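Engineer: Dumping the structure here so I can ask a few things about it.
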Amino acid sequence: DTHLVLVDLRETELTGKIAEETLEQAGITVNKNAIPFDPRPPAVTSGIRIGTPAVTTRGMKEKEIEIIADFIKEALNNPGSEKVLSRIKDDVRGLCSQFPVYRHRLI
């Protein structure tokens, strides 16, 4: 119903800030975001906000969103693992190369 997903990280050891930084290392852009009644300060947060317009604009569908969700899950389960995050980043690049931003050459 909406293009935004708010993920509550309170049941994990992660903060929104750590999750945002971890996913950035994996080539995935999200934003740390406060959740309702967030116990953490705004600079840290207990959640992340994920938006889908960047992927749907490229033509990705449900199958690719599931792949991206798996990337996110694996990255967040391995914060600080440069090897895992680097591999995910390569996988993200590979997926994105199948859905270029500009499909036609501009003259």
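Residues are referred to by chain and number: the chain letter is A, B, ... according to the order shown in the structure tokens, the number counts from 1 in that chain, and ligands are numbered separately from 1 in the order shown.
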Which polymer residues have any atom within 12 Å of an atom of Val84 (chain A), counting only C-alpha atoms, with same-chain residues fewer than 3 positions away left out, as a list of chain:residue names?
Structural biologist: A:Thr22, A:Leu23, A:Gln25, A:Ala26, A:Gly27, A:Phe71, A:Ile72, A:Lys73, A:Glu74, A:Ala75, A:Leu76, A:Asn77, A:Asn78, A:Pro79, A:Gly80, A:Ser81, A:Arg87, A:Ile88, A:Lys89, A:Asp90, A:Asp91
Engineer: Could you pull out the alpha helix (DSSP H) residues of chain A, going by DSSP on the backbone, and write them as a compact mmCIF listing (two decimals) with N, CA, C and O atoms, in the first residue's frame?
Structural biologist:
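Dumped to part13.txt:
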# COMPACT_ATOMS: atom_id res chain seq x y z
N GLY A 16 19.54 1.96 14.55
CA GLY A 16 19.31 2.43 13.19
C GLY A 16 20.60 2.94 12.55
O GLY A 16 20.85 2.72 11.37
N LYS A 17 21.41 3.61 13.35
CA LYS A 17 22.67 4.15 12.84
C LYS A 17 23.60 3.04 12.38
O LYS A 17 24.17 3.10 11.29
N ILE A 18 23.75 1.99 13.18
CA ILE A 18 24.61 0.87 12.81
C ILE A 18 24.06 0.15 11.58
O ILE A 18 24.80 -0.22 10.67
N ALA A 19 22.75 -0.05 11.55
CA ALA A 19 22.13 -0.73 10.40
C ALA A 19 22.34 0.08 9.12
O ALA A 19 22.68 -0.48 8.07
N GLU A 20 22.15 1.40 9.20
CA GLU A 20 22.36 2.26 8.04
C GLU A 20 23.80 2.16 7.54
O GLU A 20 24.04 2.00 6.34
N GLU A 21 24.75 2.22 8.44
CA GLU A 21 26.17 2.16 8.07
C GLU A 21 26.53 0.78 7.51
O GLU A 21 27.28 0.68 6.54
N THR A 22 26.00 -0.27 8.11
CA THR A 22 26.26 -1.63 7.64
C THR A 22 25.74 -1.82 6.23
O THR A 22 26.45 -2.33 5.35
N LEU A 23 24.51 -1.39 5.99
CA LEU A 23 23.92 -1.56 4.66
C LEU A 23 24.62 -0.69 3.62
O LEU A 23 24.76 -1.10 2.47
N GLU A 24 25.09 0.47 4.03
CA GLU A 24 25.86 1.32 3.11
C GLU A 24 27.11 0.58 2.65
O GLU A 24 27.47 0.62 1.47
N GLN A 25 27.77 -0.12 3.56
CA GLN A 25 28.96 -0.90 3.20
C GLN A 25 28.61 -2.02 2.24
O GLN A 25 29.46 -2.48 1.48
N PRO A 53 11.00 3.12 -4.35
CA PRO A 53 11.02 3.79 -5.66
C PRO A 53 12.32 3.62 -6.45
O PRO A 53 12.28 3.51 -7.67
N ALA A 54 13.44 3.57 -5.78
CA ALA A 54 14.71 3.45 -6.50
C ALA A 54 14.81 2.13 -7.25
O ALA A 54 15.41 2.06 -8.32
N VAL A 55 14.20 1.08 -6.72
CA VAL A 55 14.27 -0.21 -7.41
C VAL A 55 13.14 -0.38 -8.41
O VAL A 55 13.35 -0.94 -9.50
N THR A 56 11.95 0.09 -8.08
CA THR A 56 10.84 -0.06 -9.01
C THR A 56 11.01 0.83 -10.24
O THR A 56 10.61 0.45 -11.34
N GLU A 62 8.74 -8.06 -7.79
CA GLU A 62 8.71 -8.81 -6.53
C GLU A 62 9.91 -9.74 -6.37
O GLU A 62 10.48 -9.85 -5.28
N LYS A 63 10.30 -10.41 -7.45
CA LYS A 63 11.43 -11.34 -7.38
C LYS A 63 12.70 -10.63 -6.91
O LYS A 63 13.42 -11.13 -6.04
N GLU A 64 12.96 -9.47 -7.48
CA GLU A 64 14.16 -8.72 -7.13
C GLU A 64 14.06 -8.15 -5.71
O GLU A 64 15.07 -8.09 -4.99
N ILE A 65 12.86 -7.74 -5.31
CA ILE A 65 12.68 -7.23 -3.94
C ILE A 65 13.00 -8.34 -2.93
O ILE A 65 13.61 -8.08 -1.89
N GLU A 66 12.61 -9.57 -3.24
CA GLU A 66 12.93 -10.70 -2.36
C GLU A 66 14.45 -10.90 -2.28
O GLU A 66 14.99 -11.18 -1.20
N ILE A 67 15.12 -10.76 -3.39
CA ILE A 67 16.58 -10.88 -3.42
C ILE A 67 17.21 -9.78 -2.57
O ILE A 67 18.11 -10.04 -1.76
N ILE A 68 16.73 -8.56 -2.73
CA ILE A 68 17.24 -7.43 -1.95
C ILE A 68 16.97 -7.65 -0.47
O ILE A 68 17.84 -7.36 0.37
N ALA A 69 15.80 -8.16 -0.13
CA ALA A 69 15.49 -8.44 1.28
C ALA A 69 16.48 -9.45 1.85
O ALA A 69 16.93 -9.32 3.00
N ASP A 70 16.85 -10.46 1.05
CA ASP A 70 17.85 -11.42 1.50
C ASP A 70 19.21 -10.76 1.70
O ASP A 70 19.92 -11.07 2.66
N PHE A 71 19.57 -9.84 0.80
CA PHE A 71 20.82 -9.09 0.97
C PHE A 71 20.80 -8.31 2.29
O PHE A 71 21.77 -8.30 3.04
N ILE A 72 19.69 -7.63 2.55
CA ILE A 72 19.55 -6.83 3.77
C ILE A 72 19.66 -7.72 5.00
O ILE A 72 20.40 -7.41 5.95
N LYS A 73 18.96 -8.83 4.99
CA LYS A 73 18.99 -9.75 6.13
C LYS A 73 20.41 -10.25 6.38
O LYS A 73 20.90 -10.25 7.52
N GLU A 74 21.08 -10.67 5.33
CA GLU A 74 22.44 -11.19 5.50
C GLU A 74 23.40 -10.11 6.00
O GLU A 74 24.23 -10.36 6.88
N ALA A 75 23.28 -8.92 5.45
CA ALA A 75 24.16 -7.82 5.89
C ALA A 75 23.92 -7.49 7.36
O ALA A 75 24.87 -7.35 8.14
N LEU A 76 22.65 -7.38 7.75
CA LEU A 76 22.35 -7.02 9.14
C LEU A 76 22.70 -8.14 10.12
O LEU A 76 22.90 -7.88 11.31
N GLU A 82 33.71 -7.35 6.90
CA GLU A 82 34.06 -6.74 5.62
C GLU A 82 33.94 -7.74 4.47
O GLU A 82 33.51 -7.37 3.38
N LYS A 83 34.28 -8.99 4.72
CA LYS A 83 34.22 -10.01 3.67
C LYS A 83 32.78 -10.22 3.20
O LYS A 83 32.49 -10.22 2.00
N VAL A 84 31.86 -10.40 4.14
CA VAL A 84 30.46 -10.62 3.79
C VAL A 84 29.87 -9.39 3.13
O VAL A 84 29.20 -9.48 2.09
N LEU A 85 30.11 -8.22 3.70
CA LEU A 85 29.54 -6.98 3.16
C LEU A 85 30.09 -6.67 1.77
O LEU A 85 29.35 -6.19 0.90
N SER A 86 31.36 -6.97 1.54
CA SER A 86 31.95 -6.76 0.22
C SER A 86 31.32 -7.69 -0.82
O SER A 86 31.03 -7.27 -1.95
N ARG A 87 31.09 -8.94 -0.44
CA ARG A 87 30.45 -9.89 -1.36
C ARG A 87 29.03 -9.45 -1.68
O ARG A 87 28.60 -9.48 -2.84
N ILE A 88 28.29 -9.01 -0.66
CA ILE A 88 26.93 -8.53 -0.90
C ILE A 88 26.96 -7.32 -1.84
O ILE A 88 26.14 -7.22 -2.75
N LYS A 89 27.91 -6.42 -1.62
CA LYS A 89 28.03 -5.24 -2.48
C LYS A 89 28.26 -5.64 -3.93
O LYS A 89 27.67 -5.06 -4.85
N ASP A 90 29.08 -6.65 -4.15
CA ASP A 90 29.29 -7.16 -5.51
C ASP A 90 27.99 -7.73 -6.08
O ASP A 90 27.66 -7.53 -7.26
N ASP A 91 27.23 -8.45 -5.25
CA ASP A 91 25.95 -9.01 -5.68
C ASP A 91 24.94 -7.91 -6.00
O ASP A 91 24.18 -8.01 -6.96
N VAL A 92 24.95 -6.85 -5.21
CA VAL A 92 24.07 -5.71 -5.45
C VAL A 92 24.42 -5.08 -6.80
O VAL A 92 23.54 -4.77 -7.61
N ARG A 93 25.71 -4.88 -7.05
CA ARG A 93 26.15 -4.32 -8.34
C ARG A 93 25.68 -5.19 -9.50
O ARG A 93 25.22 -4.69 -10.53
N GLY A 94 25.81 -6.50 -9.33
CA GLY A 94 25.38 -7.42 -10.38
C GLY A 94 23.89 -7.32 -10.64
O GLY A 94 23.45 -7.29 -11.80
N LEU A 95 23.09 -7.26 -9.59
CA LEU A 95 21.65 -7.11 -9.75
C LEU A 95 21.32 -5.79 -10.43
O LEU A 95 20.53 -5.74 -11.37
N CYS A 96 21.92 -4.72 -9.97
CA CYS A 96 21.65 -3.40 -10.55
C CYS A 96 22.07 -3.32 -12.02
O CYS A 96 21.41 -2.62 -12.81
N SER A 97 23.12 -4.03 -12.39
CA SER A 97 23.56 -4.00 -13.79
C SER A 97 22.52 -4.62 -14.73
O SER A 97 22.51 -4.32 -15.92
Engineer: Mind listing the strand (DSSP E) residues of chain A, per DSSP on the backbone, as a ChimeraX atom specification?
Structural biologist: /A:4-8,31-33,47-51
Engineer: Which residues come within 10 Å of Leu4 (chain A), counting only C-alpha atoms, excluding same-chain residues fewer than 3 positions away, as a ChimeraX atom specification?
Structural biologist: /A:1,7,49-53
Engineer: Would you compute the distance between CA of Leu9 (chain A) and CA of Thr45 (chain A)? Give it in Å to one decimal.
Structural biologist: 9.0 Å
Engineer: Which residues are close to Arg10 (chain A), i.e. within 9 Å by only C-alpha atoms, leaving aside same-chain residues fewer than 3 positions away? Reply as a list in words.
Structural biologist: Glu13, Leu14, Thr15, Ser46 and Gly47 of chain A
Engineer: Restricting it to N, CA, C and O atoms, dump the selection as a PDB file, in the first residue's frame.
Structural biologist:
ATOM      1  N   GLU A  13      20.391  -6.373  18.403  1.00  0.00           N
ATOM      2  CA  GLU A  13      21.459  -5.594  19.032  1.00  0.00           C
ATOM      3  C   GLU A  13      21.787  -4.341  18.218  1.00  0.00           C
ATOM      4  O   GLU A  13      22.612  -3.536  18.633  1.00  0.00           O
ATOM      5  N   LEU A  14      21.134  -4.184  17.069  1.00  0.00           N
ATOM      6  CA  LEU A  14      21.453  -3.090  16.151  1.00  0.00           C
ATOM      7  C   LEU A  14      20.690  -1.822  16.484  1.00  0.00           C
ATOM      8  O   LEU A  14      19.541  -1.865  16.915  1.00  0.00           O
ATOM      9  N   THR A  15      21.321  -0.704  16.217  1.00  0.00           N
ATOM     10  CA  THR A  15      20.636   0.587  16.222  1.00  0.00           C
ATOM     11  C   THR A  15      20.372   0.955  14.765  1.00  0.00           C
ATOM     12  O   THR A  15      20.936   0.352  13.842  1.00  0.00           O
ATOM     13  N   SER A  46      16.083   3.641  16.566  1.00  0.00           N
ATOM     14  CA  SER A  46      15.853   2.203  16.742  1.00  0.00           C
ATOM     15  C   SER A  46      15.287   1.567  15.486  1.00  0.00           C
ATOM     16  O   SER A  46      14.820   0.435  15.517  1.00  0.00           O
ATOM     17  N   GLY A  47      15.327   2.296  14.375  1.00  0.00           N
ATOM     18  CA  GLY A  47      14.764   1.749  13.155  1.00  0.00           C
ATOM     19  C   GLY A  47      15.468   2.240  11.913  1.00  0.00           C
ATOM     20  O   GLY A  47      16.338   3.113  11.964  1.00  0.00           O
TER      21      GLY A  47
END
Engineer: Using only C-alpha atoms, determine which residues lie at most 10 Å from Thr57 (chain A), disregarding the query and same-chain residues fewer than 5 positions distant; provide the list as an NGL selection string.
Structural biologist: :A and (52 or 99-101)
Engineer: Mind pulling up the distance from CA of Val5 (chain A) to CA of Asp38 (chain A)?
Structural biologist: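 Pair CA of Asp38 (chain A) / CA of Val5 (chain A) returns 16.2 Å.
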Engineer: Distance CA of Leu6 (chain A)-CA of Gly59 (chain A), one decimal place?
Structural biologist: 22.4 Å
